[in-house]
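Before any comments, here is the structure.
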Amino acid sequence: MGAETGAADVRASREAAASVDDDAPEPGGEAPHPVERRGTRLDDWWARVLTTPRRRALWYWGGPLLVTLLAAVLRFWNLGHPQAIVFDETYYVKDAWTLLQNGYESDWPDGADEDFARGDTDLFLDGPAYVVHPPLGKWMIALGMAAFGAESAFWWRASTALAGTVAVFVLAMVARRLWPSTIVAVIAAFLLAVDGNAIVMSRVALLDNWLMLFALLGFWFVLLDRPYAKRLLEDRLDEARAAGRDPHYGPALWTRPWVVAAGVAFGAACAVKWSGVWFVAAFGLYLVVVDALARRRAGVPFWLTAAVLKQGPVTFLLLVPVAIYVYLASWTGWLVTDGGYYRHWADEPGNAATGWLSWVPHALQSLWHYHESAYTYHVGVHGEHPSQASPLWWLIMFKPTNMYFSATEDGSGGCGADTCWASIIGIGNPLIWWAAAAASVYLVYRLVRYREWQTGAILLGLAAGYLPWLMYLDRTVFQFYSIAFQPYTMLALTAVIVLILGRRDDPAWRRLRGIATVAIFLGFVLLVSAFYYPIWTAMPVTPEFRQLHFWTPSWVT
C-alpha cells in the first residue's frame, strides 16, 4: 500500500509540473522556442471596442468627421480678422464681387482695397479688368458674399475656409482607399488639418485652395474607379467565356461613372487655374496603365493593345471632353455678357479668323485670343518680389510667403506689451513638411524596389502638382502654390507612418515601439502647430515671440 501511494504521489507531482510549464521538454528531447507575443494590449483593447457593427460604423465615419471638425475650428475661428484685403485678395475678392454684379470681372480705381474693407463695395468701374486666371475659383469665393454680402471679411473668406475643411475629409477618404484602415485615414487627415500652409490657404481668399480641392476630388474618384472597373472587367470576361467566346482584347468599358466624375473634378481644377491640366494628363494616363495591368491579370491575351487602342479611346472620351465642357462652362458669365475683357475682340476689323476656321463663333474666337494673351502673360512674369520662392525648394519650404503684417506701438495691440505685431505667414508646420519631404524621396525608392500601387498613385499626384513648375524656374512664383500638391506629401508621410506602425500581428516589441514613435511624433506636431498658430492667423504677439518662429534665415520676413 505504501509503495503504491508513493508511486501515485510521484505521478501527481510530474503532472502538476507539466501543467505549470507546458513547454517543459520531454526526457531526452529539445526545449521548444518560447511563443513570442503578437500585437499589444492596446490592439487587444481596440479590437474589443470595435466588436459590434454599430461601433465599427461609428468609428468608420466618426473618426474622419472628428478630425474634420478640428480642421473647421482651426480655419473658421476668428476668420474675419483682419478686416482688410490681404495679399492677393486684392485681385480675387474684388473680382469675385464684380462677377456677382456684372457676370465678368470689372476694373477698380486705385486705392479701392481700404474702401472695400470698410464696406464701400460699389466702387468698381464700368470697364472690364484684365485677369489671367479662369473664373471658377472666383465664383467659388463669391458664394459667401452672394449669401451674406461683402461687408465682412468673414464672408469673402468663408467658402475658401469651407474648401480647406472639406479637403481634410476627402483626404481621409482617399487614405482609406489606399490603406483599408480608419486610423490611418485619420492620421493623414490630421496632418493636413493642423498644418500651417493648409490653414493659411484656407483663411485667405485665394484661388489655390480650390485648385487643391478639385484635384484631390478627381484623385479620389480615380481611386474609386479602380476596383469598380476591375469587377466590371472580370464580369464581362466571365460572360464572354461562358458563352464560348475567346476575349482576345477584352471588352470596352463605357459604364464608368467615376471616370466621368473625375473629368468633372479635374475640369473644375483647370477652371480655377490652368495648372489643373497636368492632373488631367497624369491621371488620364494612369487610368490607361491601370486598365492594362487589370487586363493582364485577368488573362486577356492582347492586354496592352486592348488598353491603349480599345479601352484607351473610351476612357479619353469619358474624361477629357467632360473636363473641357466644365472648363468652358466656367466662362458662361463672360460669354453671355458684353462687357468682359476682349469679349468683342473678334468683332473688330481684321481680327476674326478666315478660311476653314471662319465658322467658329466670334465669342469663342475672342475667348481663344484671351487665352493666348493670358498664356503670354503667365510665362513672362519675372518681376521681383520679397516672398518669391524657387520651385526647387518648395518641398522643404525654403521661403514662406508673408501675406499680412501690422504693428502697434502704443500698447493697444492686445499682446501685453507696448509693441505688438500681427502676421499671416504661410509657414507650414516644420515637422510635417520636412518629414513629408523625406518621405516623398523615400517613396521613390519604394516604388522602384517594391512597385506598390499605393506608392505609385501618391507620387503621380505629387508629380502632377509639382514637377511642371520646374519648367518655369525663372518665373515669379510663391511657396503657397505648393498647396496644390500638399495632400500628396501628406499621403507620402502617412505611407511611412504606416510602415512605422507595423501590423497588429507584428511582434509585441516592434508593434509597441512603432505605436510609441508615431504617437510621440504626432504629439510634437500638435504642439508645434499650437506654437505657430498665432502667426498663421494674425494674432497680436510681441516681436520677440514672432522671431522665435523663424527657424532658418530664409524664413525671416
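Each chain in the C-alpha cells gets a letter, A, B, ..., in the order shown, and its residues are numbered from 1; ligands are numbered from 1 in order too.
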Using only C-alpha atoms, which protein or nucleic acid residues come within 10 Å of Asp120 of chain A? Drop anything in the same chain fewer than 5 positions from it, and give the result as an MDAnalysis selection string. chainID A and resid 112:115 150:151
Quick one: residues within 8 Å of Arg256 of chain A, only C-alpha atoms, excluding same-chain residues fewer than 6 positions away - as number ranges by chain? A: 225, 228-229, 318
Let's have the selection written as a PDB file, in the first residue's frame, with N, CA and C atoms.
ATOM      1  N   ASP A 225     -12.738  54.404 -59.043  1.00  0.00           N
ATOM      2  CA  ASP A 225     -12.936  53.686 -60.300  1.00  0.00           C
ATOM      3  C   ASP A 225     -12.109  52.411 -60.366  1.00  0.00           C
ATOM      4  N   TYR A 228     -13.966  49.326 -59.109  1.00  0.00           N
ATOM      5  CA  TYR A 228     -15.209  49.236 -59.872  1.00  0.00           C
ATOM      6  C   TYR A 228     -14.929  48.704 -61.280  1.00  0.00           C
ATOM      7  N   ALA A 229     -13.928  49.277 -61.952  1.00  0.00           N
ATOM      8  CA  ALA A 229     -13.593  48.839 -63.300  1.00  0.00           C
ATOM      9  C   ALA A 229     -13.052  47.413 -63.304  1.00  0.00           C
ATOM     10  N   LEU A 318     -14.578  59.563 -71.949  1.00  0.00           N
ATOM     11  CA  LEU A 318     -15.279  59.703 -70.675  1.00  0.00           C
ATOM     12  C   LEU A 318     -14.664  60.787 -69.796  1.00  0.00           C
TER      13      LEU A 318
END
Using only C-alpha atoms, determine which residues lie at most 9 Å from Asp195 of chain A, disregarding the query and same-chain residues fewer than 4 positions distant; provide the list as a compact mmCIF listing (two decimals) with N, CA and C atoms, in the first residue's frame.
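Okay, this is what ended up in part-v7.txt:
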# COMPACT_ATOMS: atom_id res chain seq x y z
N PHE A 190 -5.40 64.34 -40.20
CA PHE A 190 -4.88 65.16 -39.10
C PHE A 190 -3.67 65.98 -39.56
N LEU A 191 -2.79 65.38 -40.34
CA LEU A 191 -1.62 66.11 -40.82
C LEU A 191 -2.01 67.32 -41.64
N ILE A 199 -3.72 75.67 -43.33
CA ILE A 199 -4.57 76.57 -42.55
C ILE A 199 -4.57 77.96 -43.14
N VAL A 200 -3.39 78.49 -43.46
CA VAL A 200 -3.31 79.84 -44.02
C VAL A 200 -4.05 79.92 -45.35
N ILE A 427 3.90 79.70 -43.31
CA ILE A 427 4.91 78.72 -42.89
C ILE A 427 4.19 77.43 -42.51
N GLY A 428 4.50 76.36 -43.19
CA GLY A 428 3.95 75.08 -42.79
C GLY A 428 4.56 74.61 -41.48
N ASN A 429 3.91 73.67 -40.84
CA ASN A 429 4.49 73.06 -39.64
C ASN A 429 5.81 72.39 -40.04
N PRO A 430 6.94 72.84 -39.49
CA PRO A 430 8.23 72.31 -39.96
C PRO A 430 8.36 70.80 -39.78
N ILE A 432 6.02 68.55 -39.96
CA ILE A 432 5.26 67.89 -41.02
C ILE A 432 5.96 68.03 -42.36
N TRP A 433 6.38 69.25 -42.69
CA TRP A 433 6.91 69.49 -44.03
C TRP A 433 8.24 68.78 -44.25
N VAL A 525 3.94 67.30 -33.33
CA VAL A 525 3.30 68.03 -34.44
C VAL A 525 2.22 68.95 -33.91
N SER A 529 2.20 73.08 -34.05
CA SER A 529 1.12 73.81 -34.68
C SER A 529 0.50 74.83 -33.72
Quick one: everything within 6 Å of segment 268-271 of chain A, counting only C-alpha atoms, minus sequence neighbours fewer than 5 positions away in the same chain. Send it as number ranges by chain. A: 134, 136, 211, 214-215, 276-277, 327
If you keep N, CA, C and O atoms, can you produce a file of those selected residues as a short mmCIF file (atom, residue, chain, number, x, y, z; two decimals), in the first residue's frame?
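As written to disk, part-v9.cif reads:
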data_model
loop_
_atom_site.label_atom_id
_atom_site.label_comp_id
_atom_site.auth_asym_id
_atom_site.auth_seq_id
_atom_site.Cartn_x
_atom_site.Cartn_y
_atom_site.Cartn_z
N PRO A 134 -8.85 81.63 -64.99
CA PRO A 134 -10.25 81.34 -65.31
C PRO A 134 -11.17 81.76 -64.16
O PRO A 134 -10.72 82.00 -63.03
N LEU A 136 -13.71 80.17 -62.36
CA LEU A 136 -14.43 79.33 -61.41
C LEU A 136 -14.00 79.58 -59.97
O LEU A 136 -14.84 79.65 -59.06
N LEU A 211 -8.16 74.91 -56.31
CA LEU A 211 -7.41 74.03 -57.20
C LEU A 211 -7.06 72.73 -56.48
O LEU A 211 -7.23 71.63 -57.03
N PHE A 214 -10.38 70.50 -55.89
CA PHE A 214 -10.92 69.84 -57.07
C PHE A 214 -9.98 68.75 -57.59
O PHE A 214 -10.44 67.68 -58.02
N ALA A 215 -8.68 69.01 -57.56
CA ALA A 215 -7.73 67.97 -57.99
C ALA A 215 -7.78 66.77 -57.05
O ALA A 215 -7.70 65.61 -57.49
N GLY A 276 -4.24 72.91 -63.40
CA GLY A 276 -5.05 71.71 -63.24
C GLY A 276 -4.95 70.77 -64.42
O GLY A 276 -5.26 69.58 -64.29
N VAL A 277 -4.52 71.26 -65.60
CA VAL A 277 -4.45 70.40 -66.78
C VAL A 277 -3.44 69.27 -66.58
O VAL A 277 -3.59 68.18 -67.18
N TYR A 327 -14.76 73.21 -68.05
CA TYR A 327 -13.92 74.40 -68.16
C TYR A 327 -14.63 75.51 -68.92
O TYR A 327 -14.68 76.67 -68.48
#
Neighbours of Tyr532 of chain A within 8 Å (only C-alpha atoms; same-chain residues fewer than 3 positions away dropped), as an MDAnalysis selection string? chainID A and resid 196 429 528:529 535:536 549
Excluding Gln388 of chain A and any residue of its chain fewer than 2 positions from it, enumerate the residues within 6 Å of it, using only C-alpha atoms, and give them as a PyMOL selection string. chain A and resi 385-386+477-478
Residues as selected, N, CA and C atoms, written as an mmCIF file, in the first residue's frame, can you do that?
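Okay, this is what ended up in selection_4.cif:
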data_model
loop_
_atom_site.group_PDB
_atom_site.id
_atom_site.type_symbol
_atom_site.label_atom_id
_atom_site.label_comp_id
_atom_site.auth_asym_id
_atom_site.auth_seq_id
_atom_site.Cartn_x
_atom_site.Cartn_y
_atom_site.Cartn_z
ATOM 1 N N HIS A 385 9.937 90.001 -56.154
ATOM 2 C CA HIS A 385 9.030 90.082 -55.013
ATOM 3 C C HIS A 385 9.760 89.534 -53.790
ATOM 4 N N PRO A 386 9.651 90.181 -52.635
ATOM 5 C CA PRO A 386 10.415 89.720 -51.462
ATOM 6 C C PRO A 386 10.052 88.322 -50.997
ATOM 7 N N VAL A 477 7.182 83.106 -58.691
ATOM 8 C CA VAL A 477 6.219 82.175 -58.106
ATOM 9 C C VAL A 477 6.439 82.148 -56.595
ATOM 10 N N PHE A 478 5.496 81.504 -55.883
ATOM 11 C CA PHE A 478 5.480 81.588 -54.427
ATOM 12 C C PHE A 478 5.308 80.198 -53.802
#
Using only C-alpha atoms, pick whichever of A:Val326, A:Leu285, A:Leu392, A:Val194 has the shortest atom-to-atom distance to Leu70 of chain A. A:Val194
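If only C-alpha atoms are the atoms counted, then among A:Val49, A:Ala407, A:Leu328, A:Ala484 the closest residue to Arg546 of chain A is A:Ala407.
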